[in-house]
Amino acid sequence: QVQLVESGGGLVQAGGSLRLSCAASGRTFSLAAMGWIRQAPGKEREFVSAISWVSGSTYYANSVKGRFTISGDNAKNTVYLQMNSLKPEDTAVYYCAAGDPRTTAQRMSVIGPRAVDYWGQGTQVTVSS
């Protein structure tokens, strides 16, 4: 099993920035990728970004491309999401997500939540207009 713990959410005005962190523990050697999934009120969970632990490749949803940056520290089993130029529509609960060797970052970007094997508890991001 893998445990994921997020931190860094909060309330920010539109145009502001936040940085999310997620630390993985447990059977981290089995992870192929880590990323972020979000769920806005009344909406389904959607893919945000992912990073491959194998290649370092990164993937982004079109809605966040150019504003969000994902990075990771493989030695610390930690992934970060730097969110700039935040918009009210970015308001959501952000979940750290990870997958076993079958769940590559590319797979996570294509099929989103259905690719995820492990979930964090979620952290609220609220962007006021």
# chains A, B, ... in the order shown; residues from 1 in each chain; ligands from 1
$ residues_around --residues "range 117-125 of chain A" --least-positions-apart "6" --cutoff "10 Å" --atoms "only C-alpha atoms" --output "NGL selection string"
:A and (1-12 or 18 or 20-24 or 31 or 34-40 or 86 or 88 or 90-100 or 102-103)
$ residues_around --residues "range 64-76 of chain A" --least-positions-apart "5" --cutoff "8 Å" --atoms "only C-alpha atoms" --output "list in words"
Ala23, Gly35, Val48, Ser49, Ala50, Ile51, Trp53, Thr58, Leu81, Gln82, Met83, Asn84, Ser85 and Leu86 of chain A
$ closest_residue --among "A:Ser52, A:Ser128, A:Lys43, A:Gly26" --to "Arg107 in chain A" --atoms "only C-alpha atoms"
A:Ser52
$ select_by_dssp --residues "range 33-96 of chain A" --states "strand (DSSP E)" --output "PyMOL selection string"
chain A and resi 33-39+46-52+58-60+68-73+78-83+92-96
$ select_by_dssp --residues "chain A" --states "helix (DSSP H, G or I)" --output "list of chain:residue names"
A:Thr28, A:Phe29, A:Ser30, A:Asn74, A:Ala75, A:Lys76, A:Pro88, A:Glu89, A:Asp90, A:Ala105, A:Gln106, A:Arg107, A:Met108, A:Ser109, A:Val110, A:Ile111, A:Gly112, A:Pro113, A:Arg114, A:Ala115
$ write_last_selection --atoms "N, CA, C and O atoms" --output "short mmCIF file (atom, residue, chain, number, x, y, z; two decimals), in the first residue's frame"
data_model
loop_
_atom_site.label_atom_id
_atom_site.label_comp_id
_atom_site.auth_asym_id
_atom_site.auth_seq_id
_atom_site.Cartn_x
_atom_site.Cartn_y
_atom_site.Cartn_z
N THR A 28 6.53 2.84 -1.99
CA THR A 28 6.75 3.86 -3.02
C THR A 28 7.58 3.35 -4.18
O THR A 28 7.54 3.92 -5.27
N PHE A 29 8.32 2.27 -3.99
CA PHE A 29 9.14 1.74 -5.07
C PHE A 29 8.28 1.23 -6.23
O PHE A 29 8.76 1.07 -7.35
N SER A 30 7.01 0.99 -5.97
CA SER A 30 6.11 0.47 -7.00
C SER A 30 5.48 1.55 -7.87
O SER A 30 4.82 1.26 -8.85
N ASN A 74 12.20 12.59 -6.50
CA ASN A 74 12.07 11.14 -6.42
C ASN A 74 12.68 10.60 -5.13
O ASN A 74 12.14 9.68 -4.53
N ALA A 75 13.77 11.20 -4.69
CA ALA A 75 14.44 10.72 -3.47
C ALA A 75 13.56 10.91 -2.24
O ALA A 75 13.62 10.12 -1.30
N LYS A 76 12.73 11.93 -2.27
CA LYS A 76 11.83 12.21 -1.14
C LYS A 76 10.43 11.70 -1.39
O LYS A 76 9.55 11.88 -0.55
N PRO A 88 -10.96 31.80 -10.58
CA PRO A 88 -12.05 31.24 -9.75
C PRO A 88 -12.44 29.83 -10.18
O PRO A 88 -12.81 29.01 -9.33
N GLU A 89 -12.33 29.53 -11.45
CA GLU A 89 -12.70 28.19 -11.93
C GLU A 89 -11.69 27.11 -11.52
O GLU A 89 -11.93 25.92 -11.75
N ASP A 90 -10.58 27.51 -10.92
CA ASP A 90 -9.64 26.53 -10.37
C ASP A 90 -10.06 26.07 -8.97
O ASP A 90 -9.44 25.16 -8.41
N ALA A 105 2.31 8.23 -16.21
CA ALA A 105 1.80 9.59 -16.20
C ALA A 105 0.96 9.84 -17.45
O ALA A 105 -0.05 10.53 -17.40
N GLN A 106 1.37 9.28 -18.58
CA GLN A 106 0.61 9.46 -19.80
C GLN A 106 -0.77 8.83 -19.68
O GLN A 106 -1.78 9.42 -20.07
N ARG A 107 -0.82 7.64 -19.11
CA ARG A 107 -2.10 6.96 -18.92
C ARG A 107 -3.00 7.78 -18.00
O ARG A 107 -4.20 7.91 -18.23
N MET A 108 -2.41 8.33 -16.94
CA MET A 108 -3.18 9.16 -16.03
C MET A 108 -3.73 10.38 -16.75
O MET A 108 -4.87 10.80 -16.50
N SER A 109 -2.95 10.96 -17.67
CA SER A 109 -3.41 12.15 -18.39
C SER A 109 -4.54 11.81 -19.37
O SER A 109 -5.36 12.66 -19.68
N VAL A 110 -4.57 10.59 -19.86
CA VAL A 110 -5.56 10.21 -20.87
C VAL A 110 -6.87 9.77 -20.22
O VAL A 110 -7.94 10.20 -20.64
N ILE A 111 -6.80 8.92 -19.20
CA ILE A 111 -8.04 8.39 -18.62
C ILE A 111 -8.33 8.92 -17.24
O ILE A 111 -9.35 8.56 -16.64
N GLY A 112 -7.48 9.80 -16.74
CA GLY A 112 -7.77 10.54 -15.52
C GLY A 112 -7.97 9.68 -14.30
O GLY A 112 -7.20 8.75 -14.05
N PRO A 113 -9.02 9.98 -13.51
CA PRO A 113 -9.21 9.31 -12.22
C PRO A 113 -9.25 7.78 -12.31
O PRO A 113 -8.85 7.10 -11.36
N ARG A 114 -9.74 7.25 -13.42
CA ARG A 114 -9.84 5.78 -13.52
C ARG A 114 -8.48 5.11 -13.53
O ARG A 114 -8.37 3.90 -13.30
N ALA A 115 -7.42 5.87 -13.77
CA ALA A 115 -6.07 5.31 -13.80
C ALA A 115 -5.43 5.27 -12.42
O ALA A 115 -4.40 4.64 -12.23
#
$ atom_distance --atom1 "CA of Val116 in chain A" --atom2 "CA of Tyr59 in chain A"
14.8 Å
$ closest_residue --among "A:Ser129, A:Ser63, A:Asn77, A:Ser57" --to "Gly15 in chain A" --atoms "only C-alpha atoms"
A:Ser129
$ atom_distance --atom1 "CA of Tyr80 in chain A" --atom2 "CA of Ala61 in chain A"
15.8 Å
